[in-house]
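Novice: Before anything else, here's the structure in question.
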Amino acid sequence: MRRILITGGAGFIGSHVVRLFVKKYLDFKIINLDVLTYAGNLENLQDIEGMDNYKFIKGDICDEQLVNRIFKEEEITDVIHLAAESHVDRSIKNPMRFVKTNIFGTVALLNAAVSTWKDNFENHTFYHISTDEVYGSLTDEGYFLETTPYDPKSPYSASKASSDHFVRAYANTYKLPIKLSNCSNNYGPNQFPEKLLPLMINNIKNNKPLPIYGKGENIRDWLYVVDHAKAIDYVFHKGILGETYNIGGFNEWRNIDIAHLVCKIMDKKLDRKKGGSAKLITFVEDRAGHDFRYAIDSSKIMNKLGWKPSLQLEEGLSRTVDWYLENTGWLTNVISGDYKSYYSKQYISLQRN
Ligand code: NAD
Ligand code: TYD
């Protein structure tokens, strides 16, 4: 029987992974360790919280004693590690928070795995979830491959790159059985509205300006979050130990184009005049050190493991907008706390409008 510790399971991607595993693998026990930062929300998991094969533990991955105790008491066989500080803009304002959670927290988990499993590493996996941002920034051409050298350019991506290096170093030094995957930008239900797409959806709904950094020409490669969760299932079950898999949707969009697409979708759903929402688009000061383009080549996971994305952006975005329009209570709750003060500091120029 597998007893999987999923970290960060109350967050955006983590909650989709927890749901998938709890519902699909009734003979597994899923232990969700999450400290519930502003980005963690147990409402994301209401539908499965009563299931017998699921347990939630509120706690910090940086708390070494707690992490060691959980490994022993819960007899953890595997880890899927998602807990992280995940927003680039916050990492520019407070890099140390990212060093603590993303690097120190990962090492605390690695140490617990090594000390608990060291007598017999067989039948264990430490699976680390990472981002394509560790590869840096592309120009108009080319794709990130699993072999692309690391070149992180923001405090967020530098902290994730560091954690990836630690995971590989533990495989080399202590023979810890590991897997990694590096994914492109996710979107979908339950994403905290500080990230581009849910922020746009929330602001369009409330007739507020849509802040676009710089000229909106930066490019991101978008993947529906449920497809990422499925890819994690593929890598966990079929991936080869020691290997890395890049995950992406071959779905590149310029920020300004995706903003227009959300506006078009929402004009229809809100019964607004064509072009009504696009009037809210407002160009604001660019992000410091803004990576120009991310684009993932996911041929390896597609060819070797048989995974493929199920949705293209238009369909996925339409479903995502429906979810946000239907779940107004969720949205109101998550933006009631720290969000207002974060928003007013991050978008100073818009406050003056
Ligand atoms: P998120 O910010 O929505 O959620 C992070 C979760 O981790 C939250 O529930 C939070 O409470 C928890 N957490 C934070 N610090 C913790 C700590 N010290 N101890 C325990 N729990 C803690 O993030 P997300 O977008 O769901 O990303 C999840 C993972 O996937 C991250 O590792 C991120 O780097 C990676 N990733 C994200 C994307 C994306 O587009 N969002 C893309 C590729 C990879
Ligand atoms: P984001 O969702 O923060 O993800 P990441 O920076 O990790 O790719 O941003 C996606 C893109 O959208 C990125 O190029 C920055 C841009 N962006 C804006 O133009 N305006 C905004 O208000 C935000 C949050 C992001």
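Order determines the names: the first chain of the structure tokens is A, the second B, and so forth; residues in each chain are numbered 1 upward, and ligands are numbered 1 upward as they are shown.
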Which neighbours of Trp222 in chain A fall inside 6 Å, counting only C-alpha atoms, when residues of the same chain fewer than 3 positions from it are skipped, and could you give them as an MDAnalysis selection string?
Specialist: chainID A and resid 185:186 251
Novice: If you keep N, CA and C atoms, can you produce a file of those selected residues as a CSV table (one decimal), in the first residue's frame?
Specialist:
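Once everything was written out, this is again-v3.csv:
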```
chain,number,residue,atom,x,y,z
A,185,ASN,N,3.2,27.4,-17.6
A,185,ASN,CA,2.2,28.1,-16.8
A,185,ASN,C,0.9,27.4,-16.8
A,186,ASN,N,0.4,27.2,-15.6
A,186,ASN,CA,-0.9,26.5,-15.4
A,186,ASN,C,-2.1,27.5,-15.3
A,251,ASN,N,1.3,25.6,-26.4
A,251,ASN,CA,0.1,26.5,-26.4
A,251,ASN,C,0.6,27.9,-26.0
```
Novice: With 8 Å as the cut-off and only C-alpha atoms and all ligand atoms counted, what is the closest atom pair between each nearby residue of chain A and ligand 1? Distances in Å to one decimal, ordered by chain and number, as CSV.
Specialist:
```
residue,atom,partner,partner_atom_place_in_ligand_line,distance
A:Thr7,CA,ligand 1,21 (N),6.1
A:Gly8,CA,ligand 1,7 (O),3.5
A:Gly9,CA,ligand 1,9 (O),5.8
A:Ala10,CA,ligand 1,9 (O),4.1
A:Gly11,CA,ligand 1,9 (O),3.2
A:Phe12,CA,ligand 1,26 (O),3.7
A:Ile13,CA,ligand 1,26 (O),3.7
A:Gly14,CA,ligand 1,26 (O),5.3
A:Ser15,CA,ligand 1,26 (O),7.6
A:Leu33,CA,ligand 1,20 (C),6.0
A:Asp34,CA,ligand 1,21 (N),3.7
A:Val35,CA,ligand 1,20 (C),4.1
A:Leu36,CA,ligand 1,11 (O),3.5
A:Thr37,CA,ligand 1,11 (O),3.9
A:Tyr38,CA,ligand 1,11 (O),6.4
A:Ala39,CA,ligand 1,8 (C),4.7
A:Gly40,CA,ligand 1,9 (O),3.1
A:Asn41,CA,ligand 1,9 (O),6.3
A:Lys58,CA,ligand 1,20 (C),7.7
A:Gly59,CA,ligand 1,20 (C),5.8
A:Asp60,CA,ligand 1,19 (N),3.5
A:Ile61,CA,ligand 1,19 (N),4.0
A:Cys62,CA,ligand 1,18 (N),5.6
A:His81,CA,ligand 1,32 (O),7.0
A:Leu82,CA,ligand 1,32 (O),4.1
A:Ala83,CA,ligand 1,7 (O),3.6
A:Ala84,CA,ligand 1,14 (C),4.5
A:Glu85,CA,ligand 1,14 (C),5.3
A:Ser86,CA,ligand 1,2 (O),4.6
A:His87,CA,ligand 1,2 (O),6.7
A:Lys100,CA,ligand 1,18 (N),7.6
A:Thr101,CA,ligand 1,18 (N),4.7
A:Asn102,CA,ligand 1,32 (O),7.7
A:Gly105,CA,ligand 1,18 (N),6.3
A:His128,CA,ligand 1,32 (O),7.9
A:Ile129,CA,ligand 1,32 (O),5.5
A:Ser130,CA,ligand 1,44 (C),4.7
A:Thr131,CA,ligand 1,44 (C),3.8
A:Asp132,CA,ligand 1,43 (C),6.4
A:Glu133,CA,ligand 1,43 (C),7.9
A:Lys160,CA,ligand 1,34 (O),6.5
A:Asn182,CA,ligand 1,43 (C),6.2
A:Cys183,CA,ligand 1,43 (C),4.2
A:Ser184,CA,ligand 1,42 (C),5.1
A:Asn185,CA,ligand 1,40 (O),3.6
A:Asn186,CA,ligand 1,40 (O),3.8
A:Tyr187,CA,ligand 1,40 (O),6.6
A:Gln191,CA,ligand 1,3 (O),6.1
A:Phe192,CA,ligand 1,3 (O),6.2
```
Novice: Could you write out the selected residues, including C-alpha atoms, as a PDB file, in the first residue's frame?
Specialist:
```
ATOM      1  CA  THR A   7       2.966  18.825   0.138  1.00  0.00           C
ATOM      2  CA  GLY A   8       1.142  22.048  -0.767  1.00  0.00           C
ATOM      3  CA  GLY A   9      -2.036  20.076  -1.434  1.00  0.00           C
ATOM      4  CA  ALA A  10      -4.313  22.966  -0.450  1.00  0.00           C
ATOM      5  CA  GLY A  11      -2.878  25.221  -3.153  1.00  0.00           C
ATOM      6  CA  PHE A  12      -3.882  25.604  -6.773  1.00  0.00           C
ATOM      7  CA  ILE A  13      -2.129  22.674  -8.486  1.00  0.00           C
ATOM      8  CA  GLY A  14      -1.753  20.636  -5.297  1.00  0.00           C
ATOM      9  CA  SER A  15      -5.508  20.507  -4.728  1.00  0.00           C
ATOM     10  CA  LEU A  33       0.854  18.613   4.420  1.00  0.00           C
ATOM     11  CA  ASP A  34       0.146  22.319   3.972  1.00  0.00           C
ATOM     12  CA  VAL A  35       0.801  25.317   6.214  1.00  0.00           C
ATOM     13  CA  LEU A  36      -2.073  27.256   4.594  1.00  0.00           C
ATOM     14  CA  THR A  37      -0.376  30.457   3.482  1.00  0.00           C
ATOM     15  CA  TYR A  38      -2.498  33.072   1.702  1.00  0.00           C
ATOM     16  CA  ALA A  39      -2.391  30.698  -1.318  1.00  0.00           C
ATOM     17  CA  GLY A  40      -3.556  27.585   0.521  1.00  0.00           C
ATOM     18  CA  ASN A  41      -7.254  27.043   0.993  1.00  0.00           C
ATOM     19  CA  LYS A  58      -1.549  21.672   8.874  1.00  0.00           C
ATOM     20  CA  GLY A  59       2.177  22.266   9.108  1.00  0.00           C
ATOM     21  CA  ASP A  60       5.275  23.828   7.674  1.00  0.00           C
ATOM     22  CA  ILE A  61       7.670  21.843   5.452  1.00  0.00           C
ATOM     23  CA  CYS A  62      10.490  23.869   7.056  1.00  0.00           C
ATOM     24  CA  HIS A  81       6.362  17.808  -3.350  1.00  0.00           C
ATOM     25  CA  LEU A  82       4.428  20.877  -4.510  1.00  0.00           C
ATOM     26  CA  ALA A  83       4.561  23.200  -1.487  1.00  0.00           C
ATOM     27  CA  ALA A  84       6.241  26.433  -2.506  1.00  0.00           C
ATOM     28  CA  GLU A  85       6.026  30.171  -2.693  1.00  0.00           C
ATOM     29  CA  SER A  86       5.005  30.476  -6.314  1.00  0.00           C
ATOM     30  CA  HIS A  87       4.463  34.072  -7.429  1.00  0.00           C
ATOM     31  CA  LYS A 100      13.090  29.577   3.174  1.00  0.00           C
ATOM     32  CA  THR A 101      10.171  27.651   1.762  1.00  0.00           C
ATOM     33  CA  ASN A 102      11.476  26.585  -1.626  1.00  0.00           C
ATOM     34  CA  GLY A 105      11.745  23.359   3.010  1.00  0.00           C
ATOM     35  CA  HIS A 128       9.673  17.022  -6.979  1.00  0.00           C
ATOM     36  CA  ILE A 129       7.362  19.368  -8.906  1.00  0.00           C
ATOM     37  CA  SER A 130       9.150  22.235 -10.602  1.00  0.00           C
ATOM     38  CA  THR A 131       8.713  24.901 -13.226  1.00  0.00           C
ATOM     39  CA  ASP A 132       9.961  25.695 -16.723  1.00  0.00           C
ATOM     40  CA  GLU A 133      11.128  29.079 -15.352  1.00  0.00           C
ATOM     41  CA  LYS A 160      13.108  26.587  -7.638  1.00  0.00           C
ATOM     42  CA  ASN A 182       9.137  21.007 -14.969  1.00  0.00           C
ATOM     43  CA  CYS A 183       5.861  22.469 -16.143  1.00  0.00           C
ATOM     44  CA  SER A 184       4.771  25.578 -18.017  1.00  0.00           C
ATOM     45  CA  ASN A 185       2.183  28.139 -16.809  1.00  0.00           C
ATOM     46  CA  ASN A 186      -0.947  26.511 -15.423  1.00  0.00           C
ATOM     47  CA  TYR A 187      -4.454  27.964 -15.437  1.00  0.00           C
ATOM     48  CA  GLN A 191      -5.912  29.630  -8.898  1.00  0.00           C
ATOM     49  CA  PHE A 192      -5.276  32.550  -6.551  1.00  0.00           C
TER      50      PHE A 192
END
```
Novice: Assign secondary structure with DSSP using the backbone only, and return the residues of range 91-200 of chain A in helix (DSSP H, G or I) as a PyMOL selection string.
Specialist: chain A and resi 91-93+95-117+132-135+155-174+196-200
Novice: Distance limit 9 Å, reference ligand 2, atoms considered: only C-alpha atoms and all ligand atoms. Which residues make the cut? Give them as a ChimeraX atom specification.
Specialist: /A:86-89,131,133,156-157,184-187,193-200,210-221,254-256,259,283-284,286-287,290-294,346-347
Novice: Could the residues of range 189-245 of chain A that have an atom at most 9 Å from range 303-311 of chain A be listed as JSON lines, each with its closest atom pair and the distance in Å to one decimal, counting only C-alpha atoms and ordered by chain and ascending residue number?
Specialist:
```
{"residue": "A:Leu223", "atom": "CA", "partner": "A:Pro309", "partner_atom": "CA", "distance": 7.6}
{"residue": "A:Tyr224", "atom": "CA", "partner": "A:Leu311", "partner_atom": "CA", "distance": 6.9}
{"residue": "A:Val226", "atom": "CA", "partner": "A:Ser310", "partner_atom": "CA", "distance": 8.9}
{"residue": "A:Asp227", "atom": "CA", "partner": "A:Pro309", "partner_atom": "CA", "distance": 5.5}
{"residue": "A:His228", "atom": "CA", "partner": "A:Pro309", "partner_atom": "CA", "distance": 8.0}
{"residue": "A:Lys230", "atom": "CA", "partner": "A:Trp307", "partner_atom": "CA", "distance": 7.9}
{"residue": "A:Ala231", "atom": "CA", "partner": "A:Trp307", "partner_atom": "CA", "distance": 6.2}
{"residue": "A:Tyr234", "atom": "CA", "partner": "A:Leu305", "partner_atom": "CA", "distance": 6.7}
{"residue": "A:Val235", "atom": "CA", "partner": "A:Leu305", "partner_atom": "CA", "distance": 7.5}
{"residue": "A:Lys238", "atom": "CA", "partner": "A:Leu305", "partner_atom": "CA", "distance": 6.4}
{"residue": "A:Gly239", "atom": "CA", "partner": "A:Leu305", "partner_atom": "CA", "distance": 7.0}
```
Novice: Selection from above, all heavy atoms, as a PDB file, in the first residue's frame, can you write it?
Specialist:
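Saved file part.pdb follows:
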```pdb
ATOM      1  N   LEU A 223      -1.105  25.683 -19.843  1.00  0.00           N
ATOM      2  CA  LEU A 223      -1.604  24.314 -19.687  1.00  0.00           C
ATOM      3  C   LEU A 223      -2.730  24.296 -18.648  1.00  0.00           C
ATOM      4  O   LEU A 223      -2.596  24.876 -17.565  1.00  0.00           O
ATOM      5  CB  LEU A 223      -0.458  23.396 -19.227  1.00  0.00           C
ATOM      6  CG  LEU A 223      -0.815  21.917 -19.083  1.00  0.00           C
ATOM      7  CD1 LEU A 223      -1.096  21.290 -20.455  1.00  0.00           C
ATOM      8  CD2 LEU A 223       0.302  21.138 -18.388  1.00  0.00           C
ATOM      9  N   TYR A 224      -3.815  23.591 -18.990  1.00  0.00           N
ATOM     10  CA  TYR A 224      -4.946  23.464 -18.064  1.00  0.00           C
ATOM     11  C   TYR A 224      -4.517  22.622 -16.869  1.00  0.00           C
ATOM     12  O   TYR A 224      -3.908  21.559 -17.029  1.00  0.00           O
ATOM     13  CB  TYR A 224      -6.122  22.813 -18.797  1.00  0.00           C
ATOM     14  CG  TYR A 224      -7.432  22.888 -18.056  1.00  0.00           C
ATOM     15  CD1 TYR A 224      -7.985  24.115 -17.707  1.00  0.00           C
ATOM     16  CD2 TYR A 224      -8.135  21.729 -17.725  1.00  0.00           C
ATOM     17  CE1 TYR A 224      -9.195  24.190 -17.035  1.00  0.00           C
ATOM     18  CE2 TYR A 224      -9.348  21.794 -17.052  1.00  0.00           C
ATOM     19  CZ  TYR A 224      -9.867  23.032 -16.713  1.00  0.00           C
ATOM     20  OH  TYR A 224     -11.070  23.110 -16.051  1.00  0.00           O
ATOM     21  N   VAL A 226      -5.816  20.606 -14.787  1.00  0.00           N
ATOM     22  CA  VAL A 226      -6.199  19.187 -14.664  1.00  0.00           C
ATOM     23  C   VAL A 226      -5.279  18.326 -15.537  1.00  0.00           C
ATOM     24  O   VAL A 226      -4.933  17.199 -15.174  1.00  0.00           O
ATOM     25  CB  VAL A 226      -7.690  18.999 -15.035  1.00  0.00           C
ATOM     26  CG1 VAL A 226      -8.079  17.526 -15.031  1.00  0.00           C
ATOM     27  CG2 VAL A 226      -8.580  19.794 -14.074  1.00  0.00           C
ATOM     28  N   ASP A 227      -4.849  18.881 -16.665  1.00  0.00           N
ATOM     29  CA  ASP A 227      -3.897  18.153 -17.515  1.00  0.00           C
ATOM     30  C   ASP A 227      -2.531  18.034 -16.831  1.00  0.00           C
ATOM     31  O   ASP A 227      -1.837  17.027 -17.002  1.00  0.00           O
ATOM     32  CB  ASP A 227      -3.759  18.843 -18.877  1.00  0.00           C
ATOM     33  CG  ASP A 227      -4.941  18.516 -19.784  1.00  0.00           C
ATOM     34  OD1 ASP A 227      -5.482  17.404 -19.657  1.00  0.00           O
ATOM     35  OD2 ASP A 227      -5.330  19.367 -20.605  1.00  0.00           O
ATOM     36  N   HIS A 228      -2.148  19.056 -16.063  1.00  0.00           N
ATOM     37  CA  HIS A 228      -0.887  18.953 -15.306  1.00  0.00           C
ATOM     38  C   HIS A 228      -1.015  17.867 -14.237  1.00  0.00           C
ATOM     39  O   HIS A 228      -0.114  17.033 -14.078  1.00  0.00           O
ATOM     40  CB  HIS A 228      -0.529  20.307 -14.670  1.00  0.00           C
ATOM     41  CG  HIS A 228       0.810  20.322 -13.998  1.00  0.00           C
ATOM     42  ND1 HIS A 228       1.217  21.342 -13.180  1.00  0.00           N
ATOM     43  CD2 HIS A 228       1.843  19.431 -13.994  1.00  0.00           C
ATOM     44  CE1 HIS A 228       2.436  21.087 -12.721  1.00  0.00           C
ATOM     45  NE2 HIS A 228       2.839  19.933 -13.195  1.00  0.00           N
ATOM     46  N   LYS A 230      -2.859  15.268 -14.299  1.00  0.00           N
ATOM     47  CA  LYS A 230      -2.799  13.952 -14.965  1.00  0.00           C
ATOM     48  C   LYS A 230      -1.365  13.602 -15.350  1.00  0.00           C
ATOM     49  O   LYS A 230      -0.939  12.450 -15.254  1.00  0.00           O
ATOM     50  CB  LYS A 230      -3.680  13.949 -16.217  1.00  0.00           C
ATOM     51  CG  LYS A 230      -5.168  13.888 -15.895  1.00  0.00           C
ATOM     52  CD  LYS A 230      -5.991  13.820 -17.175  1.00  0.00           C
ATOM     53  CE  LYS A 230      -7.471  13.954 -16.857  1.00  0.00           C
ATOM     54  NZ  LYS A 230      -8.256  14.402 -18.011  1.00  0.00           N
ATOM     55  N   ALA A 231      -0.610  14.611 -15.790  1.00  0.00           N
ATOM     56  CA  ALA A 231       0.793  14.368 -16.157  1.00  0.00           C
ATOM     57  C   ALA A 231       1.585  13.913 -14.934  1.00  0.00           C
ATOM     58  O   ALA A 231       2.442  13.016 -15.019  1.00  0.00           O
ATOM     59  CB  ALA A 231       1.401  15.639 -16.754  1.00  0.00           C
ATOM     60  N   TYR A 234       0.991  10.347 -14.424  1.00  0.00           N
ATOM     61  CA  TYR A 234       1.774   9.558 -15.399  1.00  0.00           C
ATOM     62  C   TYR A 234       3.226   9.422 -14.933  1.00  0.00           C
ATOM     63  O   TYR A 234       3.792   8.336 -14.953  1.00  0.00           O
ATOM     64  CB  TYR A 234       1.768  10.226 -16.776  1.00  0.00           C
ATOM     65  CG  TYR A 234       0.622   9.818 -17.674  1.00  0.00           C
ATOM     66  CD1 TYR A 234      -0.668  10.292 -17.448  1.00  0.00           C
ATOM     67  CD2 TYR A 234       0.829   8.991 -18.779  1.00  0.00           C
ATOM     68  CE1 TYR A 234      -1.717   9.946 -18.284  1.00  0.00           C
ATOM     69  CE2 TYR A 234      -0.221   8.631 -19.618  1.00  0.00           C
ATOM     70  CZ  TYR A 234      -1.487   9.118 -19.369  1.00  0.00           C
ATOM     71  OH  TYR A 234      -2.519   8.767 -20.186  1.00  0.00           O
ATOM     72  N   VAL A 235       3.822  10.552 -14.538  1.00  0.00           N
ATOM     73  CA  VAL A 235       5.238  10.519 -14.144  1.00  0.00           C
ATOM     74  C   VAL A 235       5.395   9.682 -12.875  1.00  0.00           C
ATOM     75  O   VAL A 235       6.295   8.840 -12.775  1.00  0.00           O
ATOM     76  CB  VAL A 235       5.798  11.948 -13.921  1.00  0.00           C
ATOM     77  CG1 VAL A 235       7.217  11.899 -13.352  1.00  0.00           C
ATOM     78  CG2 VAL A 235       5.779  12.737 -15.231  1.00  0.00           C
ATOM     79  N   LYS A 238       4.592   5.938 -14.153  1.00  0.00           N
ATOM     80  CA  LYS A 238       5.305   5.337 -15.287  1.00  0.00           C
ATOM     81  C   LYS A 238       6.693   5.902 -15.507  1.00  0.00           C
ATOM     82  O   LYS A 238       7.476   5.349 -16.271  1.00  0.00           O
ATOM     83  CB  LYS A 238       4.500   5.579 -16.576  1.00  0.00           C
ATOM     84  CG  LYS A 238       3.138   4.925 -16.621  1.00  0.00           C
ATOM     85  CD  LYS A 238       2.565   5.269 -17.989  1.00  0.00           C
ATOM     86  CE  LYS A 238       1.309   4.556 -18.356  1.00  0.00           C
ATOM     87  NZ  LYS A 238       0.886   4.953 -19.703  1.00  0.00           N
ATOM     88  N   GLY A 239       6.986   7.051 -14.879  1.00  0.00           N
ATOM     89  CA  GLY A 239       8.272   7.715 -15.114  1.00  0.00           C
ATOM     90  C   GLY A 239       9.427   6.895 -14.569  1.00  0.00           C
ATOM     91  O   GLY A 239       9.276   6.132 -13.612  1.00  0.00           O
TER      92      GLY A 239
END
```
